[in-house]
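Asks: Sending over run.tsv (TSV, C-alpha atoms).
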```tsv
chain	number	residue	atom	x	y	z
A	1	MET	CA	0.00	0.00	0.00
A	2	SER	CA	2.87	2.32	-0.60
A	3	TYR	CA	1.87	5.63	-2.03
A	4	GLY	CA	4.04	6.48	-4.95
A	5	THR	CA	7.30	4.89	-4.05
A	6	PRO	CA	7.66	1.19	-4.76
A	7	PRO	CA	8.53	-0.65	-1.61
A	8	PRO	CA	11.91	-2.25	-1.40
A	9	GLY	CA	11.98	-5.97	-1.85
A	10	GLY	CA	9.59	-6.05	-4.74
A	11	PRO	CA	5.92	-5.55	-5.20
A	12	SER	CA	3.25	-7.83	-3.97
A	13	ASP	CA	0.39	-6.43	-5.95
A	14	SER	CA	1.20	-7.27	-9.49
A	15	GLU	CA	0.56	-10.95	-9.57
A	16	GLU	CA	-1.92	-10.54	-12.36
A	17	ASN	CA	0.40	-8.53	-14.49
A	18	PRO	CA	2.66	-10.18	-16.99
A	19	PRO	CA	6.31	-10.04	-16.07
A	20	SER	CA	8.18	-6.94	-16.95
A	21	ASN	CA	9.71	-6.91	-20.37
A	22	PRO	CA	13.11	-5.26	-20.18
A	23	GLY	CA	13.48	-5.22	-23.94
A	24	TYR	CA	10.50	-3.05	-24.51
A	25	GLY	CA	11.23	0.03	-26.57
A	26	SER	CA	11.99	3.37	-25.09
A	27	ALA	CA	8.87	4.11	-23.11
A	28	PRO	CA	9.77	6.04	-19.97
A	29	PRO	CA	9.45	3.76	-16.97
A	30	PRO	CA	6.44	5.10	-15.11
A	31	PRO	CA	6.93	5.26	-11.36
A	32	ALA	CA	3.74	3.31	-10.82
A	33	TYR	CA	3.05	1.19	-7.83
A	34	GLY	CA	5.11	-1.94	-7.91
A	35	ALA	CA	5.88	-3.29	-11.31
A	36	PRO	CA	3.78	-1.60	-13.95
A	37	PRO	CA	2.55	-3.85	-16.69
A	38	PRO	CA	4.38	-3.40	-19.93
A	39	PRO	CA	2.27	-2.56	-22.91
A	40	PRO	CA	1.53	-5.54	-25.08
A	41	ALA	CA	4.51	-5.92	-27.34
A	42	TYR	CA	3.82	-5.64	-31.00
A	43	GLY	CA	2.55	-8.94	-32.34
A	44	GLN	CA	2.74	-10.59	-28.99
A	45	GLN	CA	0.05	-11.14	-26.42
A	46	PRO	CA	0.68	-11.14	-22.70
A	47	PRO	CA	0.74	-14.74	-21.53
A	48	SER	CA	-2.18	-14.32	-19.18
A	49	GLN	CA	-4.63	-13.26	-21.84
A	50	PRO	CA	-6.93	-16.10	-22.84
A	51	TYR	CA	-8.68	-14.03	-25.45
A	52	ASP	CA	-7.37	-13.20	-28.84
A	53	GLN	CA	-8.08	-9.53	-28.52
A	54	PRO	CA	-6.04	-6.84	-26.87
A	55	ALA	CA	-6.36	-6.88	-23.13
A	56	PRO	CA	-9.43	-4.78	-22.38
A	57	TYR	CA	-8.85	-3.75	-18.80
A	58	SER	CA	-7.17	-6.50	-16.90
A	59	SER	CA	-3.58	-5.52	-17.44
A	60	ALA	CA	-3.70	-1.77	-17.18
A	61	PRO	CA	-4.10	-0.62	-13.61
A	62	PRO	CA	-4.32	3.11	-13.23
A	63	PRO	CA	-1.09	4.86	-12.48
A	64	ALA	CA	-0.06	5.09	-8.90
A	65	TYR	CA	0.13	8.31	-6.98
A	66	GLY	CA	2.37	10.74	-8.72
A	67	ALA	CA	2.77	8.65	-11.82
A	68	ALA	CA	2.41	10.25	-15.19
A	69	PRO	CA	-0.81	8.94	-16.68
A	70	ALA	CA	0.69	8.50	-20.13
A	71	GLY	CA	3.46	6.23	-21.18
A	72	TYR	CA	2.02	2.80	-21.63
A	73	GLY	CA	-0.90	0.94	-23.08
A	74	GLY	CA	-4.41	1.21	-21.86
A	75	ALA	CA	-6.81	4.07	-21.79
A	76	GLN	CA	-5.92	7.08	-19.74
A	77	ASP	CA	-7.91	8.42	-16.89
A	78	GLY	CA	-11.03	10.21	-17.97
A	79	THR	CA	-11.10	8.92	-21.54
A	80	ALA	CA	-13.67	6.43	-22.76
A	81	GLY	CA	-12.68	2.92	-21.79
A	82	ALA	CA	-10.57	3.94	-18.81
A	83	LEU	CA	-11.46	2.48	-15.44
A	84	ALA	CA	-14.02	4.72	-13.76
A	85	LEU	CA	-13.03	6.41	-10.52
A	86	TRP	CA	-15.02	6.05	-7.34
A	87	PRO	CA	-16.83	9.43	-7.38
A	88	GLN	CA	-18.36	8.67	-10.78
A	89	ARG	CA	-19.43	5.23	-9.64
A	90	ALA	CA	-20.86	6.67	-6.44
A	91	LEU	CA	-22.88	9.20	-8.41
A	92	GLY	CA	-24.36	6.43	-10.55
A	93	GLY	CA	-25.19	4.37	-7.48
A	94	LEU	CA	-26.78	7.29	-5.65
A	95	ILE	CA	-29.05	7.95	-8.62
A	96	ASP	CA	-30.01	4.28	-9.04
A	97	PHE	CA	-30.51	3.46	-5.39
A	98	ILE	CA	-31.73	6.72	-3.88
A	99	ALA	CA	-32.95	9.20	-6.50
A	100	LEU	CA	-35.01	6.58	-8.35
A	101	SER	CA	-36.53	5.44	-5.03
A	102	ILE	CA	-37.97	8.86	-4.27
A	103	PRO	CA	-41.38	8.09	-5.89
A	104	PHE	CA	-41.65	5.07	-3.60
A	105	TYR	CA	-40.93	7.15	-0.51
A	106	VAL	CA	-43.40	9.81	-1.60
A	107	LEU	CA	-46.15	7.28	-2.35
A	108	SER	CA	-45.64	5.41	0.92
A	109	ALA	CA	-45.57	8.68	2.87
A	110	ILE	CA	-48.86	9.75	1.32
A	111	GLY	CA	-50.54	6.37	1.36
A	112	GLY	CA	-49.54	5.26	4.80
A	113	ASN	CA	-48.58	1.74	5.74
A	114	ARG	CA	-49.95	-1.05	3.51
A	115	GLY	CA	-52.38	1.23	1.68
A	116	PRO	CA	-53.01	1.04	-2.07
A	117	LEU	CA	-50.57	3.87	-2.74
A	118	TYR	CA	-47.92	2.04	-0.73
A	119	ILE	CA	-48.48	-1.08	-2.82
A	120	LEU	CA	-48.27	1.03	-5.95
A	121	GLY	CA	-44.95	2.33	-4.65
A	122	VAL	CA	-43.64	-1.18	-4.07
A	123	VAL	CA	-44.69	-2.21	-7.57
A	124	TYR	CA	-42.95	0.87	-8.94
A	125	LEU	CA	-39.77	0.11	-7.00
A	126	LEU	CA	-39.68	-3.52	-8.10
A	127	GLY	CA	-40.45	-2.69	-11.70
A	128	MET	CA	-37.97	0.15	-11.87
A	129	THR	CA	-35.22	-1.95	-10.28
A	130	ILE	CA	-35.78	-4.92	-12.57
A	131	TRP	CA	-35.93	-2.78	-15.66
A	132	ASN	CA	-33.20	-0.29	-14.77
A	133	ARG	CA	-30.63	-2.39	-12.95
A	134	TYR	CA	-31.08	-5.70	-14.78
A	135	LEU	CA	-32.84	-5.47	-18.15
A	136	LYS	CA	-31.39	-2.13	-19.21
A	137	GLY	CA	-28.22	-2.26	-17.13
A	138	GLY	CA	-27.47	-5.86	-18.01
A	139	SER	CA	-27.96	-5.50	-21.74
A	140	THR	CA	-26.30	-2.10	-22.28
A	141	GLY	CA	-24.03	-1.85	-19.26
A	142	GLN	CA	-25.63	1.49	-18.40
A	143	THR	CA	-28.36	1.96	-15.86
A	144	ILE	CA	-29.98	5.38	-15.63
A	145	GLY	CA	-27.52	6.37	-12.93
A	146	ARG	CA	-24.47	5.05	-14.77
A	147	GLY	CA	-25.63	6.83	-17.90
A	148	VAL	CA	-25.85	10.16	-16.10
A	149	ALA	CA	-22.47	9.52	-14.46
A	150	GLY	CA	-20.94	8.55	-17.80
A	151	VAL	CA	-19.82	5.07	-16.84
A	152	ARG	CA	-20.59	1.55	-18.00
A	153	LEU	CA	-20.47	-1.89	-16.38
A	154	VAL	CA	-18.76	-4.54	-18.50
A	155	SER	CA	-17.10	-7.91	-18.16
A	156	GLU	CA	-13.43	-7.63	-17.36
A	157	LYS	CA	-12.60	-10.35	-19.88
A	158	THR	CA	-14.77	-9.53	-22.85
A	159	GLY	CA	-15.43	-5.84	-22.38
A	160	GLU	CA	-19.09	-6.52	-23.13
A	161	PRO	CA	-22.18	-6.00	-20.91
A	162	ILE	CA	-22.85	-8.94	-18.63
A	163	GLY	CA	-26.58	-9.56	-19.24
A	164	ALA	CA	-29.60	-9.28	-16.98
A	165	GLY	CA	-29.00	-12.48	-15.00
A	166	MET	CA	-25.43	-11.65	-14.07
A	167	ALA	CA	-26.42	-8.06	-13.32
A	168	PHE	CA	-28.90	-9.45	-10.80
A	169	VAL	CA	-26.31	-11.80	-9.29
A	170	ARG	CA	-23.91	-8.87	-9.03
A	171	ASP	CA	-26.40	-6.89	-6.97
A	172	LEU	CA	-26.78	-9.94	-4.71
A	173	ALA	CA	-22.98	-10.04	-4.43
A	174	HIS	CA	-23.09	-6.44	-3.23
A	175	LEU	CA	-24.25	-8.00	0.05
A	176	VAL	CA	-20.61	-9.00	0.55
A	177	ASP	CA	-19.62	-5.36	0.16
A	178	SER	CA	-22.18	-4.35	2.77
A	179	VAL	CA	-21.56	-7.06	5.33
A	180	ILE	CA	-17.98	-5.93	5.98
A	181	CYS	CA	-19.29	-2.65	7.35
A	182	TYR	CA	-19.87	-1.28	3.82
A	183	VAL	CA	-16.14	-1.02	3.25
A	184	GLY	CA	-16.50	-3.06	0.05
A	185	TRP	CA	-18.38	-0.17	-1.53
A	186	LEU	CA	-15.27	1.96	-0.99
A	187	PHE	CA	-12.83	-0.52	-2.55
A	188	PRO	CA	-12.76	1.33	-5.92
A	189	LEU	CA	-11.07	4.19	-4.07
A	190	TRP	CA	-7.98	2.06	-3.63
A	191	ASP	CA	-8.20	-1.07	-5.76
A	192	SER	CA	-5.83	-1.36	-8.70
A	193	LYS	CA	-8.74	-2.29	-10.94
A	194	ARG	CA	-11.21	0.03	-9.23
A	195	GLN	CA	-13.39	-2.95	-8.31
A	196	THR	CA	-15.80	-3.57	-5.47
A	197	LEU	CA	-15.83	-7.06	-4.01
A	198	ALA	CA	-18.94	-7.77	-6.08
A	199	ASP	CA	-16.94	-6.81	-9.16
A	200	LYS	CA	-14.14	-9.16	-8.15
A	201	ILE	CA	-16.61	-12.01	-7.60
A	202	LEU	CA	-18.36	-11.45	-10.93
A	203	GLY	CA	-15.26	-10.42	-12.89
A	204	THR	CA	-16.63	-7.04	-13.88
A	205	VAL	CA	-15.21	-3.55	-14.18
A	206	VAL	CA	-16.81	-0.14	-14.53
A	207	VAL	CA	-15.35	1.99	-17.29
A	208	VAL	CA	-15.77	5.52	-18.51
A	209	ALA	CA	-18.34	5.73	-21.30
A	210	PRO	CA	-20.13	8.47	-23.16
A	211	LYS	CA	-23.03	9.89	-21.23
A	212	ALA	CA	-26.38	8.49	-22.17
B	1	MET	CA	7.04	11.10	-5.70
B	2	THR	CA	8.95	13.85	-7.39
B	3	ASP	CA	7.66	17.34	-7.28
B	4	THR	CA	7.96	18.81	-10.72
B	5	GLY	CA	6.96	22.27	-9.68
B	6	PRO	CA	3.89	24.12	-10.88
B	7	VAL	CA	1.75	22.12	-13.25
B	8	PRO	CA	-0.27	24.07	-15.78
B	9	ASP	CA	-3.98	23.82	-15.14
B	10	HIS	CA	-5.59	22.93	-18.46
B	11	ARG	CA	-9.13	22.89	-17.18
B	12	SER	CA	-11.77	25.36	-18.24
B	13	ALA	CA	-12.83	28.06	-15.81
B	14	GLY	CA	-16.01	26.08	-15.14
B	15	GLY	CA	-14.04	22.91	-14.44
B	16	ARG	CA	-11.76	24.80	-12.08
B	17	ALA	CA	-14.70	26.32	-10.23
B	18	ARG	CA	-16.38	22.93	-9.97
B	19	GLY	CA	-13.22	21.40	-8.51
B	20	LEU	CA	-13.00	24.15	-5.91
B	21	VAL	CA	-16.68	23.72	-5.01
B	22	VAL	CA	-16.23	19.97	-4.56
B	23	VAL	CA	-13.17	20.49	-2.38
B	24	GLY	CA	-14.91	23.23	-0.39
B	25	VAL	CA	-17.99	21.14	0.28
B	26	GLY	CA	-15.81	18.15	1.17
B	27	ALA	CA	-13.63	20.17	3.53
B	28	GLY	CA	-16.69	21.70	5.19
B	29	SER	CA	-18.31	18.30	5.66
B	30	LEU	CA	-15.10	16.85	7.06
B	31	ALA	CA	-14.74	19.75	9.48
B	32	ALA	CA	-18.34	19.32	10.65
B	33	VAL	CA	-17.84	15.57	11.21
B	34	LEU	CA	-14.59	16.14	13.10
B	35	ALA	CA	-16.23	18.80	15.28
B	36	ARG	CA	-19.10	16.45	16.08
B	37	LEU	CA	-16.66	13.64	16.88
B	38	HIS	CA	-14.60	15.93	19.08
B	39	ALA	CA	-17.69	17.03	21.00
B	40	THR	CA	-19.13	13.52	21.47
B	41	ARG	CA	-15.80	11.72	21.88
B	42	GLY	CA	-17.13	9.31	19.26
B	43	TYR	CA	-20.01	8.01	21.37
B	44	ASP	CA	-23.62	8.30	20.18
B	45	VAL	CA	-22.62	10.36	17.17
B	46	LEU	CA	-26.04	9.71	15.67
B	47	PRO	CA	-29.24	8.69	17.46
B	48	VAL	CA	-29.09	5.25	15.83
B	49	SER	CA	-26.36	2.65	16.12
B	50	LEU	CA	-24.04	3.04	13.16
B	51	CYS	CA	-22.89	-0.58	13.02
B	52	PRO	CA	-25.57	-3.12	12.07
B	53	VAL	CA	-23.27	-6.00	13.03
B	54	HIS	CA	-22.86	-4.72	16.56
B	55	ALA	CA	-26.53	-3.76	16.85
B	56	VAL	CA	-27.74	-7.21	15.82
B	57	THR	CA	-25.11	-9.58	17.18
B	58	GLY	CA	-23.33	-7.61	19.89
B	59	PHE	CA	-19.97	-8.54	18.39
B	60	TRP	CA	-17.40	-5.91	17.48
B	61	CYS	CA	-17.01	-5.73	13.72
B	62	PRO	CA	-13.59	-5.12	12.12
B	63	VAL	CA	-14.05	-1.35	11.89
B	64	CYS	CA	-16.04	-0.83	15.09
B	65	GLY	CA	-14.33	1.89	17.08
B	66	SER	CA	-13.10	3.83	14.05
B	67	LEU	CA	-15.07	6.94	14.90
B	68	ARG	CA	-13.95	6.73	18.52
B	69	ALA	CA	-10.38	6.43	17.24
B	70	VAL	CA	-10.69	9.58	15.13
B	71	ALA	CA	-12.39	11.33	18.04
B	72	SER	CA	-9.43	10.41	20.24
B	73	LEU	CA	-7.06	11.81	17.64
B	74	THR	CA	-8.90	15.13	17.69
B	75	ARG	CA	-7.81	15.23	21.34
B	76	LEU	CA	-4.27	14.13	20.38
B	77	ASP	CA	-4.85	10.88	22.27
B	78	VAL	CA	-2.93	8.44	20.07
B	79	ALA	CA	-2.96	5.64	22.64
B	80	GLY	CA	-6.72	5.92	22.96
B	81	ALA	CA	-7.08	5.84	19.19
B	82	LEU	CA	-4.95	2.71	18.90
B	83	SER	CA	-7.02	1.03	21.60
B	84	SER	CA	-10.29	1.94	19.90
B	85	ASN	CA	-9.31	0.37	16.61
B	86	LEU	CA	-5.68	-0.63	16.17
B	87	LEU	CA	-5.73	-1.47	12.47
B	88	VAL	CA	-7.89	1.40	11.24
B	89	THR	CA	-5.76	3.85	13.22
B	90	ALA	CA	-2.61	2.36	11.73
B	91	LEU	CA	-4.06	2.68	8.22
B	92	LEU	CA	-5.42	6.16	8.85
B	93	PRO	CA	-2.45	8.04	7.33
B	94	LEU	CA	-2.91	6.13	4.07
B	95	LEU	CA	-6.65	6.66	4.20
B	96	ALA	CA	-6.14	10.37	4.69
B	97	LEU	CA	-3.69	10.46	1.80
B	98	SER	CA	-6.16	8.69	-0.47
B	99	VAL	CA	-8.68	11.44	0.19
B	100	LEU	CA	-6.45	14.48	0.49
B	101	GLY	CA	-4.38	13.62	-2.59
B	102	PRO	CA	-7.32	13.70	-5.00
B	103	ALA	CA	-8.74	16.72	-3.19
B	104	ALA	CA	-5.52	18.65	-3.68
B	105	ALA	CA	-5.44	17.57	-7.32
B	106	SER	CA	-9.01	18.71	-7.77
B	107	ALA	CA	-8.20	22.10	-6.32
B	108	THR	CA	-4.99	22.68	-8.25
B	109	GLY	CA	-5.68	20.92	-11.53
B	110	ARG	CA	-2.90	18.36	-11.19
B	111	PRO	CA	-3.59	14.83	-12.43
B	112	VAL	CA	-5.75	12.98	-9.94
B	113	PRO	CA	-3.56	10.56	-7.97
B	114	THR	CA	-4.93	7.09	-7.42
B	115	PHE	CA	-4.09	4.20	-5.16
B	116	ALA	CA	-3.40	0.86	-6.79
B	117	VAL	CA	-3.92	-1.89	-4.24
B	118	GLY	CA	-3.76	-5.37	-5.74
B	119	ASN	CA	-5.53	-8.55	-4.76
B	120	ARG	CA	-2.62	-9.91	-2.74
B	121	THR	CA	-2.63	-6.88	-0.47
B	122	TRP	CA	-6.39	-7.17	-0.08
B	123	VAL	CA	-6.00	-10.77	1.03
B	124	VAL	CA	-3.30	-9.80	3.54
B	125	LEU	CA	-5.50	-7.01	4.87
B	126	GLY	CA	-8.49	-9.35	5.00
B	127	VAL	CA	-6.57	-11.93	7.02
B	128	ALA	CA	-5.21	-9.26	9.35
B	129	PHE	CA	-8.65	-7.83	9.97
B	130	GLY	CA	-10.08	-11.35	10.40
B	131	ILE	CA	-7.57	-12.22	13.13
B	132	PHE	CA	-8.06	-8.80	14.68
B	133	THR	CA	-11.85	-9.26	14.73
B	134	VAL	CA	-11.71	-12.67	16.39
B	135	TRP	CA	-9.16	-11.41	18.91
B	136	ARG	CA	-11.14	-8.37	20.01
B	137	ASN	CA	-14.27	-10.50	20.44
B	138	LEU	CA	-12.75	-13.23	22.64
B	139	PRO	CA	-12.51	-11.86	26.17
B	140	GLY	CA	-10.30	-14.79	27.23
B	141	LEU	CA	-7.41	-13.72	25.02
B	142	PRO	CA	-4.76	-11.39	26.38
B	143	LEU	CA	-5.15	-7.78	25.28
B	144	SER	CA	-8.63	-8.45	23.87
B	145	GLY	CA	-10.08	-5.83	26.16
B	146	TRP	CA	-7.59	-3.33	24.84
B	147	LEU	CA	-8.30	-4.33	21.22
B	148	ALA	CA	-12.06	-3.96	21.67
B	149	PRO	CA	-13.35	-0.40	21.24
```
Written as structure tokens, that's how I'd like the structure from this file.
Replies:
Amino acid sequence: MSYGTPPPGGPSDSEENPPSNPGYGSAPPPPAYGAPPPPPAYGQQPPSQPYDQPAPYSSAPPPAYGAAPAGYGGAQDGTAGALALWPQRALGGLIDFIALSIPFYVLSAIGGNRGPLYILGVVYLLGMTIWNRYLKGGSTGQTIGRGVAGVRLVSEKTGEPIGAGMAFVRDLAHLVDSVICYVGWLFPLWDSKRQTLADKILGTVVVVAPKA
Amino acid sequence: MTDTGPVPDHRSAGGRARGLVVVGVGAGSLAAVLARLHATRGYDVLPVSLCPVHAVTGFWCPVCGSLRAVASLTRLDVAGALSSNLLVTALLPLLALSVLGPAAASATGRPVPTFAVGNRTWVVLGVAFGIFTVWRNLPGLPLSGWLAP
């Protein structure tokens, strides 16, 4: 967890990165945390990539503190395809989980407990969640909140949206983020792939995307 | 980290203003929280229990005592902070850096610094917090009273 300066004795955080390639060109060595992943050499895939396409997100952690963002492969911070930072993700989540629930709170406040308006509110909440988080979010990667925030949920391996079923399972997996005192929701602040625990379980990442 | 001197701020005036607003609101919120913690010493900060684990089971969760630790630090009581939550207090400098670094970048227009913690470190942290949690919840173990908040 060093902040900018690689610890002596070698990094412990780069186990998913291919080994450093000393013969690689003349790119300036970025002072990233631990061993930064080299860009994929021309005509050669990193050994850990099972797919025959360029590594979408798995081998390009964001630069460590103080590192120049440019210098090696992978999208840069803020550009489409780059890993989304926590504030953007939080904005999307706040919209999906809180802003879109406001009609339910209003209806249940007006209708009282178990009244028809309350039931209407529950139906709204269920319908909105299923449509927004799973049908829409699973097929396009963008819920309403993620669209406003300009981010997109995709599979780490394929770079494609994960589908309604997996989107539902991912929200179940968010229980793991909550049960450790909600700290899992903060993981993207520090994680090298900006993932929550649910993302790690499902193998998903959230990337910057054009606003909907 | 090498300081390369002043970095040109390429943001638009609106972007700059937005960054300053975000930092201002964040700093104000942080100051309000710290003042509340200082006044309450970290006890009964809100009318409801903040930790569902402790409220339901009575056990101390891994981060129980964090607010009491910060409250102790506002009184410069480092020993009290360490006793409230040893691990969170030990990690607090890094936590502060992970918030203050981006805040400073947002205010000055430098590139936003980011942490890059890999899975192996998460596992180490998870194991450490697991042991810590068991220890502070078993009154028979030595020091468990000190480790509990």
Asks: For chain B, which residue out of A:Ile180, A:Ala198, A:Val205, A:Leu100 is the nearest one, using only C-alpha atoms?
Replies: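 Selected residue with least distance to chain B: A:Ile180.
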Asks: For chain B, which residues have at least one atom within 9 Å of chain A, if we go by all atoms listed in the file? Write them as a VMD selection string, please.
Replies: chain B and resid 1 to 3 51 to 53 61 to 64 94 97 to 99 101 111 to 122
Asks: Restricting it to C-alpha atoms, dump the selection as a compact mmCIF listing (two decimals), keeping the file's coordinate frame.
Replies:
```txt
# COMPACT_ATOMS: atom_id res chain seq x y z
CA MET B 1 7.04 11.10 -5.70
CA THR B 2 8.95 13.85 -7.39
CA ASP B 3 7.66 17.34 -7.28
CA CYS B 51 -22.89 -0.58 13.02
CA PRO B 52 -25.57 -3.12 12.07
CA VAL B 53 -23.27 -6.00 13.03
CA CYS B 61 -17.01 -5.73 13.72
CA PRO B 62 -13.59 -5.12 12.12
CA VAL B 63 -14.05 -1.35 11.89
CA CYS B 64 -16.04 -0.83 15.09
CA LEU B 94 -2.91 6.13 4.07
CA LEU B 97 -3.69 10.46 1.80
CA SER B 98 -6.16 8.69 -0.47
CA VAL B 99 -8.68 11.44 0.19
CA GLY B 101 -4.38 13.62 -2.59
CA PRO B 111 -3.59 14.83 -12.43
CA VAL B 112 -5.75 12.98 -9.94
CA PRO B 113 -3.56 10.56 -7.97
CA THR B 114 -4.93 7.09 -7.42
CA PHE B 115 -4.09 4.20 -5.16
CA ALA B 116 -3.40 0.86 -6.79
CA VAL B 117 -3.92 -1.89 -4.24
CA GLY B 118 -3.76 -5.37 -5.74
CA ASN B 119 -5.53 -8.55 -4.76
CA ARG B 120 -2.62 -9.91 -2.74
CA THR B 121 -2.63 -6.88 -0.47
CA TRP B 122 -6.39 -7.17 -0.08
```
Asks: Would you mind telling me which residue in B:Val25, B:Ser106, B:Gly15, B:Asn137 lies nearest to Thr57 (chain B) when using all atoms listed in the file?
Replies: B:Asn137
Asks: Hey, which of B:Val134, B:Leu95, B:Val48, B:Thr89 ends up closest to Asp77 (chain B)? Count only C-alpha atoms.
Replies: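 For Asp77 (chain B), the nearest of the given residues is B:Thr89.
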Asks: For Pro161 (chain A), find every residue with an atom within 7 Å (counting all atoms listed in the file), except residues of its own chain fewer than 2 positions away, and show them as a short mmCIF file (atom, residue, chain, number, x, y, z; two decimals) with C-alpha atoms, in the coordinates of the input.
Replies:
```cif
data_model
loop_
_atom_site.label_atom_id
_atom_site.label_comp_id
_atom_site.auth_asym_id
_atom_site.auth_seq_id
_atom_site.Cartn_x
_atom_site.Cartn_y
_atom_site.Cartn_z
CA GLY A 138 -27.47 -5.86 -18.01
CA SER A 139 -27.96 -5.50 -21.74
CA THR A 140 -26.30 -2.10 -22.28
CA GLY A 141 -24.03 -1.85 -19.26
CA LEU A 153 -20.47 -1.89 -16.38
CA VAL A 154 -18.76 -4.54 -18.50
CA SER A 155 -17.10 -7.91 -18.16
CA GLY A 159 -15.43 -5.84 -22.38
CA GLY A 163 -26.58 -9.56 -19.24
#
```
Asks: Could you please determine the separation between CA of Pro149 (chain B) and CA of Leu86 (chain B) in Å, to one decimal place?
Replies: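 Interatomic distance, CA of Pro149 (chain B) to CA of Leu86 (chain B): 9.2 Å.
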Asks: In Å, with one decimal, what is the gap from CA of Thr108 (chain B) to CA of Pro93 (chain B)?
Replies: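 Result for CA of Thr108 (chain B) versus CA of Pro93 (chain B): 21.5 Å, one decimal.
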Asks: At what distance in Å, to one decimal, does CA of Trp146 (chain B) lie from CA of Phe59 (chain B)?
Replies: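 Taking CA of Phe59 (chain B) as the start and CA of Trp146 (chain B) as the end point, the length is 14.9 Å.
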